[in-house]
>>> print(open('coords12.tsv').read())   # TSV, C-alpha atoms and all ligand atoms
chain	number	residue	atom	x	y	z
A	1297	MET	CA	-15.55	2.77	8.98
A	1298	GLN	CA	-15.86	4.82	12.15
A	1299	PHE	CA	-13.88	7.94	13.02
A	1300	LYS	CA	-12.10	5.89	15.67
A	1301	SER	CA	-10.48	3.77	12.88
A	1302	ILE	CA	-9.03	6.84	11.19
A	1303	ILE	CA	-5.32	7.40	11.67
A	1304	GLY	CA	-4.73	10.81	13.27
A	1305	GLN	CA	-6.87	13.78	12.05
A	1306	LYS	CA	-8.39	14.30	15.51
A	1307	GLU	CA	-8.86	18.05	15.11
A	1308	LEU	CA	-10.44	17.72	11.70
A	1309	ILE	CA	-12.84	15.03	12.95
A	1310	SER	CA	-13.85	17.28	15.80
A	1311	ASN	CA	-14.52	20.13	13.34
A	1312	LEU	CA	-16.67	17.85	11.20
A	1313	THR	CA	-18.78	16.58	14.09
A	1314	THR	CA	-19.14	20.06	15.56
A	1315	SER	CA	-20.35	21.50	12.27
A	1316	PHE	CA	-22.96	18.72	12.18
A	1317	LYS	CA	-24.14	19.46	15.73
A	1318	GLU	CA	-24.38	23.14	14.89
A	1319	ASN	CA	-26.33	22.30	11.77
A	1320	ARG	CA	-23.90	23.97	9.39
A	1321	VAL	CA	-22.70	21.08	7.24
A	1322	ALA	CA	-21.56	22.50	3.90
A	1323	HIS	CA	-23.38	20.79	1.02
A	1324	THR	CA	-20.30	20.61	-1.20
A	1325	GLN	CA	-16.92	20.01	0.41
A	1326	LEU	CA	-13.47	19.53	-1.05
A	1327	PHE	CA	-11.17	17.25	0.95
A	1328	LEU	CA	-7.60	18.08	0.01
A	1329	GLY	CA	-4.64	15.97	1.18
A	1330	ASP	CA	-1.66	14.11	-0.24
A	1331	GLU	CA	-1.61	10.38	-0.89
A	1332	GLY	CA	-1.67	8.41	2.34
A	1333	TYR	CA	-3.02	11.20	4.57
A	1334	GLY	CA	-6.39	9.46	4.54
A	1335	ALA	CA	-8.83	11.85	2.84
A	1336	LEU	CA	-10.94	8.99	1.46
A	1337	PRO	CA	-11.26	6.99	4.71
A	1338	LEU	CA	-12.11	10.24	6.45
A	1339	ALA	CA	-14.83	11.04	3.89
A	1340	ILE	CA	-16.25	7.53	4.34
A	1341	ALA	CA	-16.24	7.75	8.15
A	1342	TYR	CA	-17.91	11.15	7.87
A	1343	SER	CA	-20.60	9.70	5.57
A	1344	GLN	CA	-21.16	6.83	8.00
A	1345	PHE	CA	-21.55	9.37	10.81
A	1346	LEU	CA	-24.06	11.42	8.82
A	1347	LEU	CA	-26.14	8.36	7.92
A	1348	CYS	CA	-25.88	6.55	11.28
A	1349	THR	CA	-29.31	6.19	12.91
A	1350	ASN	CA	-27.91	6.05	16.43
A	1351	LYS	CA	-24.97	8.42	16.39
A	1352	GLN	CA	-22.97	9.37	19.44
A	1353	SER	CA	-21.79	12.93	19.75
A	1354	ASP	CA	-18.38	12.23	18.25
A	1355	ASP	CA	-18.75	9.08	16.13
A	1356	SER	CA	-21.15	6.74	14.37
A	1357	CYS	CA	-22.39	3.78	16.45
A	1358	GLY	CA	-20.88	1.06	14.25
A	1359	VAL	CA	-23.77	-1.37	14.86
A	1360	CYS	CA	-27.03	0.13	13.56
A	1361	PRO	CA	-28.34	-1.27	10.23
A	1362	SER	CA	-26.99	1.77	8.42
A	1363	CYS	CA	-23.50	1.40	9.91
A	1364	LYS	CA	-23.50	-2.33	9.13
A	1365	LYS	CA	-23.90	-1.52	5.44
A	1366	PHE	CA	-20.74	0.52	5.64
A	1367	ASP	CA	-18.75	-2.60	6.58
A	1368	LYS	CA	-18.90	-3.51	2.89
A	1369	TYR	CA	-19.02	0.09	1.67
A	1370	ALA	CA	-22.47	-0.67	0.30
A	1371	HIS	CA	-25.08	1.75	1.65
A	1372	PRO	CA	-27.80	2.73	-0.83
A	1373	ASP	CA	-27.40	6.40	0.08
A	1374	LEU	CA	-23.63	6.41	-0.29
A	1375	HIS	CA	-22.52	6.92	-3.88
A	1376	PHE	CA	-18.94	6.54	-5.07
A	1377	TYR	CA	-17.46	8.03	-8.22
A	1378	PHE	CA	-13.83	7.53	-9.17
A	1379	PRO	CA	-11.51	7.40	-12.22
A	1380	THR	CA	-12.01	4.45	-14.57
A	1381	ALA	CA	-10.78	3.21	-17.95
A	1382	THR	CA	-11.51	0.21	-20.15
A	1383	ASN	CA	-10.23	-3.22	-19.08
A	1384	GLN	CA	-10.88	-6.93	-19.80
A	1385	THR	CA	-14.49	-6.76	-18.61
A	1386	ILE	CA	-15.40	-3.13	-19.32
A	1387	LYS	CA	-14.63	-3.02	-23.01
A	1388	LYS	CA	-16.26	0.33	-23.81
A	1389	ASN	CA	-17.85	3.39	-22.19
A	1390	PRO	CA	-16.21	2.93	-18.79
A	1391	LYS	CA	-17.85	4.56	-15.78
A	1392	SER	CA	-17.74	4.15	-12.02
A	1393	SER	CA	-20.94	2.16	-11.65
A	1394	LEU	CA	-19.57	-0.58	-13.93
A	1395	ALA	CA	-16.56	-1.05	-11.63
A	1396	LEU	CA	-18.34	-0.77	-8.29
A	1397	ASP	CA	-17.76	-4.37	-7.15
A	1398	VAL	CA	-14.02	-4.18	-7.83
A	1399	TRP	CA	-13.94	-0.81	-6.08
A	1400	ARG	CA	-15.68	-2.10	-2.93
A	1401	ASN	CA	-13.36	-5.10	-2.73
A	1402	TYR	CA	-10.36	-2.84	-3.09
A	1403	LEU	CA	-11.63	-0.64	-0.26
A	1404	ILE	CA	-12.21	-3.69	1.96
A	1405	GLU	CA	-8.70	-5.03	1.26
A	1406	ASN	CA	-7.06	-1.73	2.18
A	1407	ASN	CA	-9.37	-0.26	4.80
A	1408	ALA	CA	-9.99	2.52	2.26
A	1409	TYR	CA	-6.36	3.71	2.46
A	1410	ILE	CA	-5.84	3.45	-1.27
A	1411	THR	CA	-3.76	5.09	-3.98
A	1412	LEU	CA	-4.63	6.08	-7.54
A	1413	ASN	CA	-1.97	3.81	-9.07
A	1414	GLY	CA	-3.02	0.95	-6.82
A	1415	TRP	CA	-6.63	1.42	-7.89
A	1416	LEU	CA	-5.84	1.50	-11.63
A	1417	ASP	CA	-3.71	-1.65	-11.17
A	1418	LYS	CA	-6.55	-3.34	-9.34
A	1419	LEU	CA	-8.93	-2.37	-12.12
A	1420	GLY	CA	-6.49	-3.83	-14.63
A	1421	VAL	CA	-6.44	-0.95	-17.09
A	1422	GLY	CA	-2.82	-1.41	-18.20
A	1423	ASN	CA	-1.07	1.84	-19.05
A	1424	LYS	CA	-4.26	3.82	-19.57
A	1425	GLN	CA	-5.10	6.89	-17.52
A	1426	GLY	CA	-8.25	6.88	-15.41
A	1427	TYR	CA	-10.85	9.62	-15.73
A	1428	LEU	CA	-14.14	10.68	-14.27
A	1429	ARG	CA	-16.35	10.84	-17.33
A	1430	LYS	CA	-19.47	12.41	-18.77
A	1431	ASP	CA	-21.36	9.16	-18.13
A	1432	ASP	CA	-20.42	9.50	-14.45
A	1433	ALA	CA	-21.71	13.07	-14.45
A	1434	ASN	CA	-25.01	11.96	-16.01
A	1435	GLU	CA	-25.47	9.30	-13.35
A	1436	ILE	CA	-24.67	11.72	-10.56
A	1437	ILE	CA	-27.24	14.18	-11.90
A	1438	GLY	CA	-29.81	11.37	-12.12
A	1439	LYS	CA	-29.17	10.12	-8.59
A	1440	VAL	CA	-29.03	13.53	-6.99
A	1441	ALA	CA	-32.60	14.09	-8.20
A	1442	LEU	CA	-33.91	10.98	-6.39
A	1443	LYS	CA	-34.96	10.88	-2.74
A	1444	ALA	CA	-32.72	9.22	-0.18
A	1445	PHE	CA	-33.48	5.49	0.04
A	1446	GLU	CA	-33.33	5.08	3.78
A	1447	GLY	CA	-31.01	7.57	5.37
A	1448	SER	CA	-31.45	11.16	6.33
A	1449	HIS	CA	-28.91	12.19	3.73
A	1450	LYS	CA	-27.50	11.17	0.39
A	1451	VAL	CA	-23.74	11.35	0.16
A	1452	PHE	CA	-21.73	11.47	-3.05
A	1453	ILE	CA	-18.00	10.86	-2.75
A	1454	ILE	CA	-16.12	11.89	-5.87
A	1455	TRP	CA	-12.58	10.56	-5.50
A	1456	MET	CA	-9.73	12.19	-7.44
A	1457	ALA	CA	-11.99	15.00	-8.61
A	1458	ASP	CA	-9.07	16.47	-10.56
A	1459	LYS	CA	-9.56	13.59	-13.00
A	1460	MET	CA	-12.79	15.19	-14.20
A	1461	ASN	CA	-12.31	16.72	-17.61
A	1462	GLU	CA	-13.91	20.06	-18.39
A	1463	PRO	CA	-17.12	18.84	-20.09
A	1464	THR	CA	-17.75	16.48	-17.15
A	1465	ALA	CA	-17.14	19.21	-14.60
A	1466	ASN	CA	-19.31	21.68	-16.50
A	1467	LYS	CA	-22.24	19.29	-16.40
A	1468	LEU	CA	-21.90	19.09	-12.62
A	1469	LEU	CA	-21.32	22.73	-11.73
A	1470	LYS	CA	-24.98	23.41	-11.01
A	1471	THR	CA	-25.17	20.31	-8.79
A	1472	PHE	CA	-22.08	21.38	-6.85
A	1473	GLU	CA	-23.47	24.89	-6.54
A	1474	GLU	CA	-26.88	23.93	-5.31
A	1475	PRO	CA	-27.51	20.26	-4.58
A	1476	PRO	CA	-31.00	19.32	-3.39
A	1477	GLU	CA	-31.70	19.36	0.33
A	1478	ASN	CA	-29.89	16.75	2.44
A	1479	THR	CA	-27.45	15.95	-0.33
A	1480	ILE	CA	-23.79	16.12	0.61
A	1481	ILE	CA	-21.10	16.09	-2.04
A	1482	ILE	CA	-17.54	15.34	-0.99
A	1483	LEU	CA	-14.91	15.96	-3.64
A	1484	ILE	CA	-11.47	14.52	-2.91
A	1485	THR	CA	-8.21	15.56	-4.50
A	1486	GLU	CA	-4.47	15.38	-3.95
A	1487	LYS	CA	-3.86	18.02	-6.62
A	1488	TYR	CA	-5.63	21.29	-5.87
A	1489	GLU	CA	-3.97	23.09	-8.77
A	1490	GLN	CA	-5.28	20.56	-11.27
A	1491	LEU	CA	-8.86	20.97	-10.18
A	1492	LEU	CA	-10.85	23.39	-12.33
A	1493	PRO	CA	-11.24	26.79	-10.64
A	1494	THR	CA	-14.97	26.68	-11.34
A	1495	VAL	CA	-15.16	23.50	-9.22
A	1496	ARG	CA	-12.87	24.78	-6.47
A	1497	SER	CA	-14.91	27.93	-5.99
A	1498	ARG	CA	-18.10	25.92	-5.41
A	1499	ALA	CA	-16.79	23.76	-2.57
A	1500	GLN	CA	-15.80	24.38	1.02
A	1501	LEU	CA	-12.14	23.47	1.39
A	1502	VAL	CA	-11.28	20.89	4.08
A	1503	LYS	CA	-7.53	20.39	4.44
A	1504	VAL	CA	-6.48	16.90	5.48
A	1505	GLN	CA	-3.15	17.19	7.26
A	1506	LYS	CA	-0.07	14.99	6.95
A	1507	LEU	CA	0.15	12.37	9.71
A	1508	SER	CA	2.64	12.75	12.52
A	1509	ILE	CA	5.41	10.23	13.09
A	1510	ASP	CA	3.77	9.27	16.38
A	1511	GLU	CA	0.40	8.67	14.78
A	1512	ILE	CA	1.91	6.41	12.13
A	1513	THR	CA	4.13	4.59	14.64
A	1514	GLN	CA	1.18	3.90	16.90
A	1515	LYS	CA	-0.90	2.49	14.04
A	1516	LEU	CA	1.96	0.28	12.83
A	1517	ILE	CA	2.36	-1.14	16.33
A	1518	GLU	CA	-1.40	-1.73	16.42
A	1519	VAL	CA	-1.18	-3.87	13.27
A	1520	GLY	CA	1.63	-5.95	14.78
A	1521	ILE	CA	4.89	-4.27	13.76
A	1522	ASP	CA	7.53	-4.16	16.51
A	1523	ASN	CA	8.32	-0.80	18.08
A	1524	GLU	CA	11.71	-0.29	16.51
A	1525	HIS	CA	10.62	-1.05	12.94
A	1526	ALA	CA	7.41	0.92	13.37
A	1527	HIS	CA	9.27	4.02	14.42
A	1528	LYS	CA	11.84	3.66	11.66
A	1529	SER	CA	9.22	3.24	8.91
A	1530	ALA	CA	7.12	6.09	10.30
A	1531	SER	CA	10.07	8.48	10.27
A	1532	LEU	CA	10.68	7.75	6.59
A	1533	ALA	CA	7.02	7.90	5.54
A	1534	ASN	CA	6.68	11.65	5.10
A	1535	GLY	CA	3.30	11.75	6.82
A	1536	SER	CA	1.73	9.12	4.56
A	1537	TRP	CA	0.20	5.88	5.83
A	1538	ASN	CA	0.62	4.27	2.40
A	1539	ASN	CA	4.32	5.13	2.34
A	1540	ALA	CA	4.70	3.74	5.84
A	1541	SER	CA	3.02	0.43	4.93
A	1542	GLU	CA	5.17	0.07	1.84
A	1543	ILE	CA	8.39	0.78	3.72
A	1544	THR	CA	7.41	-1.68	6.44
A	1545	GLU	CA	6.67	-4.41	3.92
A	1546	GLU	CA	10.00	-3.91	2.19
A	1547	SER	CA	11.92	-4.00	5.44
A	1548	GLU	CA	10.08	-7.15	6.53
A	1549	ASP	CA	11.04	-8.86	3.27
A	1550	GLU	CA	14.59	-7.71	3.75
A	1551	ASN	CA	14.62	-9.06	7.28
A	1552	SER	CA	13.29	-12.47	6.27
A	1553	ASN	CA	15.86	-12.61	3.43
A	1554	PHE	CA	18.58	-11.98	5.98
A	1555	ILE	CA	17.34	-14.64	8.39
A	1556	ASN	CA	16.96	-17.20	5.59
A	1557	PHE	CA	20.31	-16.45	4.00
A	1558	ARG	CA	22.16	-16.64	7.30
A	1559	LYS	CA	20.48	-19.96	8.10
A	1560	TRP	CA	21.39	-21.37	4.70
A	1561	LEU	CA	25.05	-20.36	4.94
A	1562	ARG	CA	25.31	-21.79	8.45
A	1563	LEU	CA	23.88	-25.10	7.26
A	1564	CYS	CA	26.36	-25.12	4.36
A	1565	TYR	CA	29.32	-24.11	6.49
A	1566	GLN	CA	29.12	-27.19	8.66
A	1567	PRO	CA	27.25	-29.62	6.49
A	1568	LYS	CA	26.46	-32.35	8.98
A	1569	ASP	CA	22.72	-31.87	9.18
A	1570	TYR	CA	21.63	-32.74	5.65
A	1571	ASP	CA	18.03	-33.34	6.77
A	1572	GLU	CA	17.84	-29.78	7.95
A	1573	LEU	CA	19.51	-28.49	4.78
A	1574	LEU	CA	17.07	-30.34	2.51
A	1575	LYS	CA	14.18	-29.12	4.58
A	1576	PHE	CA	15.46	-25.59	4.17
A	1577	ASN	CA	15.76	-26.03	0.40
A	1578	GLN	CA	12.16	-27.21	0.22
A	1579	GLU	CA	10.92	-24.28	2.27
A	1580	ILE	CA	12.67	-21.71	0.12
A	1581	SER	CA	11.48	-23.35	-3.07
A	1582	LYS	CA	7.88	-22.90	-1.91
A	1583	LEU	CA	8.14	-19.09	-1.83
A	1584	GLY	CA	6.60	-17.24	-4.76
A	1585	ARG	CA	8.81	-16.44	-7.72
A	1586	GLU	CA	9.25	-12.76	-6.85
A	1587	LYS	CA	10.18	-13.61	-3.26
A	1588	GLN	CA	12.72	-16.17	-4.46
A	1589	LYS	CA	14.26	-13.60	-6.79
A	1590	SER	CA	14.39	-11.10	-3.97
A	1591	PHE	CA	16.06	-13.72	-1.74
A	1592	LEU	CA	18.67	-14.65	-4.37
A	1593	ASN	CA	19.34	-10.98	-5.10
A	1594	TYR	CA	19.85	-10.48	-1.40
A	1595	GLY	CA	22.45	-13.29	-1.49
A	1596	LEU	CA	24.24	-11.54	-4.35
A	1597	GLU	CA	24.23	-8.32	-2.37
A	1598	ILE	CA	25.82	-10.02	0.65
A	1599	ILE	CA	28.48	-11.63	-1.55
A	1600	HIS	CA	29.17	-8.24	-3.10
A	1601	ASN	CA	29.36	-6.59	0.33
A	1602	SER	CA	31.73	-9.30	1.56
A	1603	ILE	CA	34.08	-8.52	-1.29
A	1604	LEU	CA	33.87	-4.80	-0.49
A	1605	SER	CA	34.65	-5.60	3.12
A	1606	ASN	CA	37.70	-7.64	2.07
A	1607	HIS	CA	38.99	-4.71	0.06
A	1608	ASN	CA	38.68	-2.19	2.89
A	1609	GLN	CA	35.58	-0.55	1.49
A	1610	SER	CA	33.26	-1.26	4.40
A	1611	GLU	CA	32.00	2.32	4.29
A	1612	ASN	CA	30.10	1.38	1.09
A	1613	ILE	CA	28.17	-1.39	2.81
A	1614	LYS	CA	24.64	-0.20	3.55
A	1615	LYS	CA	24.03	-2.61	6.40
A	1616	ALA	CA	23.97	-2.27	10.15
A	1617	GLY	CA	23.72	-4.37	13.31
A	1618	ASP	CA	23.38	-8.15	12.89
A	1619	GLU	CA	23.43	-7.90	9.12
A	1620	LEU	CA	26.73	-6.03	9.12
A	1621	ASN	CA	28.27	-8.48	11.60
A	1622	PHE	CA	27.12	-11.41	9.53
A	1623	THR	CA	28.52	-9.84	6.36
A	1624	LYS	CA	31.90	-9.32	8.01
A	1625	ASN	CA	32.01	-12.91	9.28
A	1626	PHE	CA	30.91	-14.28	5.94
A	1627	SER	CA	33.53	-12.19	4.12
A	1628	LYS	CA	36.25	-14.22	5.87
A	1629	PHE	CA	35.40	-17.19	3.65
A	1630	ILE	CA	35.06	-15.27	0.42
A	1631	ASN	CA	38.24	-14.76	-1.54
A	1632	GLU	CA	39.77	-15.15	-4.98
A	1633	ALA	CA	39.34	-18.91	-4.81
A	1634	ASN	CA	35.56	-18.72	-4.81
A	1635	GLN	CA	34.18	-15.21	-5.29
A	1636	ARG	CA	33.72	-15.45	-9.03
A	1637	ASP	CA	31.87	-18.78	-8.77
A	1638	MET	CA	29.68	-17.46	-5.97
A	1639	TYR	CA	28.53	-14.59	-8.16
A	1640	LYS	CA	27.93	-16.95	-11.04
A	1641	LEU	CA	25.97	-19.38	-8.90
A	1642	PHE	CA	23.51	-16.76	-7.70
A	1643	ASN	CA	23.20	-15.00	-11.03
A	1644	GLU	CA	22.42	-18.26	-12.78
A	1645	ALA	CA	19.90	-19.19	-10.11
A	1646	ILE	CA	18.01	-15.92	-10.70
A	1647	TYR	CA	18.06	-16.65	-14.43
A	1648	HIS	CA	16.61	-20.12	-13.84
A	1649	ILE	CA	13.93	-18.95	-11.41
A	1650	GLU	CA	12.75	-16.42	-13.98
A	1651	ARG	CA	12.35	-19.33	-16.37
A	1652	ASN	CA	10.42	-21.54	-13.96
A	1653	ALA	CA	13.18	-24.00	-13.08
A	1654	HIS	CA	12.37	-26.80	-10.62
A	1655	ALA	CA	13.25	-24.79	-7.54
A	1656	GLY	CA	13.62	-27.72	-5.10
A	1657	ILE	CA	16.29	-29.37	-7.24
A	1658	MET	CA	17.95	-26.05	-7.96
A	1659	TYR	CA	18.40	-25.13	-4.28
A	1660	SER	CA	19.75	-28.59	-3.44
A	1661	ASP	CA	22.26	-28.27	-6.26
A	1662	MET	CA	23.17	-24.76	-5.08
A	1663	SER	CA	23.61	-26.00	-1.50
A	1664	PHE	CA	26.17	-28.61	-2.59
A	1665	LYS	CA	28.00	-26.03	-4.65
A	1666	ILE	CA	28.04	-23.54	-1.77
A	1667	ILE	CA	29.45	-26.26	0.54
A	1668	ASP	CA	32.27	-26.86	-1.98
A	1669	LEU	CA	32.89	-23.15	-2.53
A	1670	ILE	CA	33.15	-22.41	1.18
A	1671	LEU	CA	35.54	-25.33	1.49
A	1672	SER	CA	37.78	-24.06	-1.32
A	1673	GLY	CA	37.71	-20.59	0.28
A	1674	ARG	CA	38.85	-22.08	3.57
A	1675	LYS	CA	41.63	-24.09	1.89
A	1676	HIS	CA	42.78	-20.93	0.14
A	1677	ILE	CA	43.08	-19.18	3.51
A	1678	ALA	CA	44.96	-22.15	5.04
A	1679	ASN	CA	47.46	-22.14	2.14
A	1680	ASN	CA	48.18	-18.42	2.24
B	1	ZN	ZN	-24.79	3.58	13.36
>>> encode(input="coords12.tsv", output="structure tokens")
Amino acid sequence: MQFKSIIGQKELISNLTTSFKENRVAHTQLFLGDEGYGALPLAIAYSQFLLCTNKQSDDSCGVCPSCKKFDKYAHPDLHFYFPTATNQTIKKNPKSSLALDVWRNYLIENNAYITLNGWLDKLGVGNKQGYLRKDDANEIIGKVALKAFEGSHKVFIIWMADKMNEPTANKLLKTFEEPPENTIIILITEKYEQLLPTVRSRAQLVKVQKLSIDEITQKLIEVGIDNEHAHKSASLANGSWNNASEITEESEDENSNFINFRKWLRLCYQPKDYDELLKFNQEISKLGREKQKSFLNYGLEIIHNSILSNHNQSENIKKAGDELNFTKNFSKFINEANQRDMYKLFNEAIYHIERNAHAGIMYSDMSFKIIDLILSGRKHIANN
């Protein structure tokens, strides 16, 4: 990971490279920043820069043998320590080195923009807390004493350093205070107050700043999100890339639910193209269970909103643009002749999906029922 892949943090990166050029790299540093600001990716890019054998003035080269090893976060002079707990494979005495493969895969999947909860989920520890442990401290002490394998430096990244308990931290104080020559220790935390004062006082503080809306927007566009959605997600993300990604994902799901639901209702409103309707049913039934539930819940929400709209409570509808227009049009066919059965239809479908019903058959059955329900709604209007 090169500096150029880091979101924002330009000033900080320039400080880090300048301190290297001026030969005043602090041996123990504490990167402090909230979730999603990118302290870990920054620490990794910094390590890659330090170990690069062909560095440019402001970034690692990205192609030398040392940099290549960073592609998989597997450089022999880069050492990761992070919170762990027991799981299906690590049944006792958990420590970072036992979970290193899972860790590296998790970094690769997320470009190192990771969260503590995400990591513990990935590790599969259930409800247990993760800690940095005495066994981790012992390994760090052992490895610090060895010479660098190939690089000019050895770098130790200790992620979520506030998860070190006191005995672990006490073992490491001397190492933090005075690591051997060419050893760099980067502690990372989101919770300065929870880090032991004895640890804090031994490290140079590096504050990782929250990301700007522009920086997040630009990155979202880079990964293929359209301008409007990118800007909207970025404004809600509170400076965190992880928040922004999560918001974007949710709004994409929401958008595809809308498009699918509108298509379905249009096919049911004028049921002449049964081929197309059956094809649609098959497509929906192939979505994963959670996506199907989300889609059916979305349908319930639109039915609910249509009823609100019919009872002059449009101000309670949290929809805008095309979605709001569609809801208002749809509400014209929802009335006392069919609203109760519509609710029931979708609620029962969710119940069946949770119990692994045959989704293809279920959606076909629902389609025929929706055709009938729309028809009885229209008759009701004609008769009143
Ligand atoms: Zn390089």
>>> atom_distance(input="coords12.tsv", atom1="CA of Ala1645 (chain A)", atom2="CA of Lys1587 (chain A)")
13.1 Å
>>> closest_atom_pairs(input="coords12.tsv", of="chain A", to="ligand ZN 1 (chain B)", cutoff="6 Å", atoms="only C-alpha atoms and all ligand atoms", output="Markdown table")
| residue | atom | partner | partner_atom | distance |
| --- | --- | --- | --- | --- |
| A:Cys1348 | CA | B:ZN1 | ZN | 3.8 |
| A:Thr1349 | CA | B:ZN1 | ZN | 5.2 |
| A:Asn1350 | CA | B:ZN1 | ZN | 5.0 |
| A:Lys1351 | CA | B:ZN1 | ZN | 5.7 |
| A:Ser1356 | CA | B:ZN1 | ZN | 4.9 |
| A:Cys1357 | CA | B:ZN1 | ZN | 3.9 |
| A:Gly1358 | CA | B:ZN1 | ZN | 4.7 |
| A:Val1359 | CA | B:ZN1 | ZN | 5.3 |
| A:Cys1360 | CA | B:ZN1 | ZN | 4.1 |
| A:Ser1362 | CA | B:ZN1 | ZN | 5.7 |
| A:Cys1363 | CA | B:ZN1 | ZN | 4.3 |
>>> closest_residue(input="coords12.tsv", among="A:Ala1433, A:Val1504, A:Leu1492, A:Ile1646", to="Thr1471 (chain A)", atoms="all atoms listed in the file")
A:Ala1433
>>> residues_near_point(input="coords12.tsv", point="(-12.6, 8.4, 10.8)", cutoff="10 Å", atoms="all atoms listed in the file", output="list of chain:residue names")
A:Met1297, A:Gln1298, A:Phe1299, A:Lys1300, A:Ser1301, A:Ile1302, A:Ile1303, A:Gly1304, A:Gln1305, A:Lys1306, A:Leu1308, A:Ile1309, A:Gly1334, A:Ala1335, A:Leu1336, A:Pro1337, A:Leu1338, A:Ala1339, A:Ile1340, A:Ala1341, A:Tyr1342, A:Ser1343, A:Gln1344, A:Phe1345, A:Asp1355, A:Ser1356
>>> closest_residue(input="coords12.tsv", among="A:Asn1625, A:Gln1505, A:Ser1497, A:Asn1556", to="Gln1325 (chain A)", atoms="only C-alpha atoms")
A:Ser1497
>>> residues_around(input="coords12.tsv", residues="Asn1461 (chain A)", least_positions_apart="4", cutoff="8 Å", atoms="only C-alpha atoms", output="PyMOL selection string")
chain A and resi 1427-1429+1465
>>> residues_around(input="coords12.tsv", residues="Lys1459 (chain A)", least_positions_apart="3", cutoff="9 Å", atoms="all atoms listed in the file", output="number ranges by chain")
A: 1378-1379, 1426-1429, 1455-1456, 1485, 1490-1491
>>> atom_distance(input="coords12.tsv", atom1="CA of Glu1405 (chain A)", atom2="CA of Leu1419 (chain A)")
13.6 Å
>>> residues_near_point(input="coords12.tsv", point="(-22.4, 5.6, 1.5)", cutoff="10 Å", atoms="all atoms listed in the file", output="PyMOL selection string")
chain A and resi 1339-1344+1346-1347+1362-1363+1365-1366+1368-1376+1447+1449-1453
>>> axis_aligned_box(input="coords12.tsv", around="region 1416-1423 of chain A", padding_each_side="8 Å", output="lines of an AutoDock Vina configuration file")
center_x = -5.0
center_y = -1.0
center_z = -14.2
size_x = 23.9
size_y = 21.7
size_z = 25.7
>>> closest_residue(input="coords12.tsv", among="A:Thr1623, A:Ile1482, A:Arg1498, A:Asp1431", to="Lys1467 (chain A)", atoms="all atoms listed in the file")
A:Asp1431
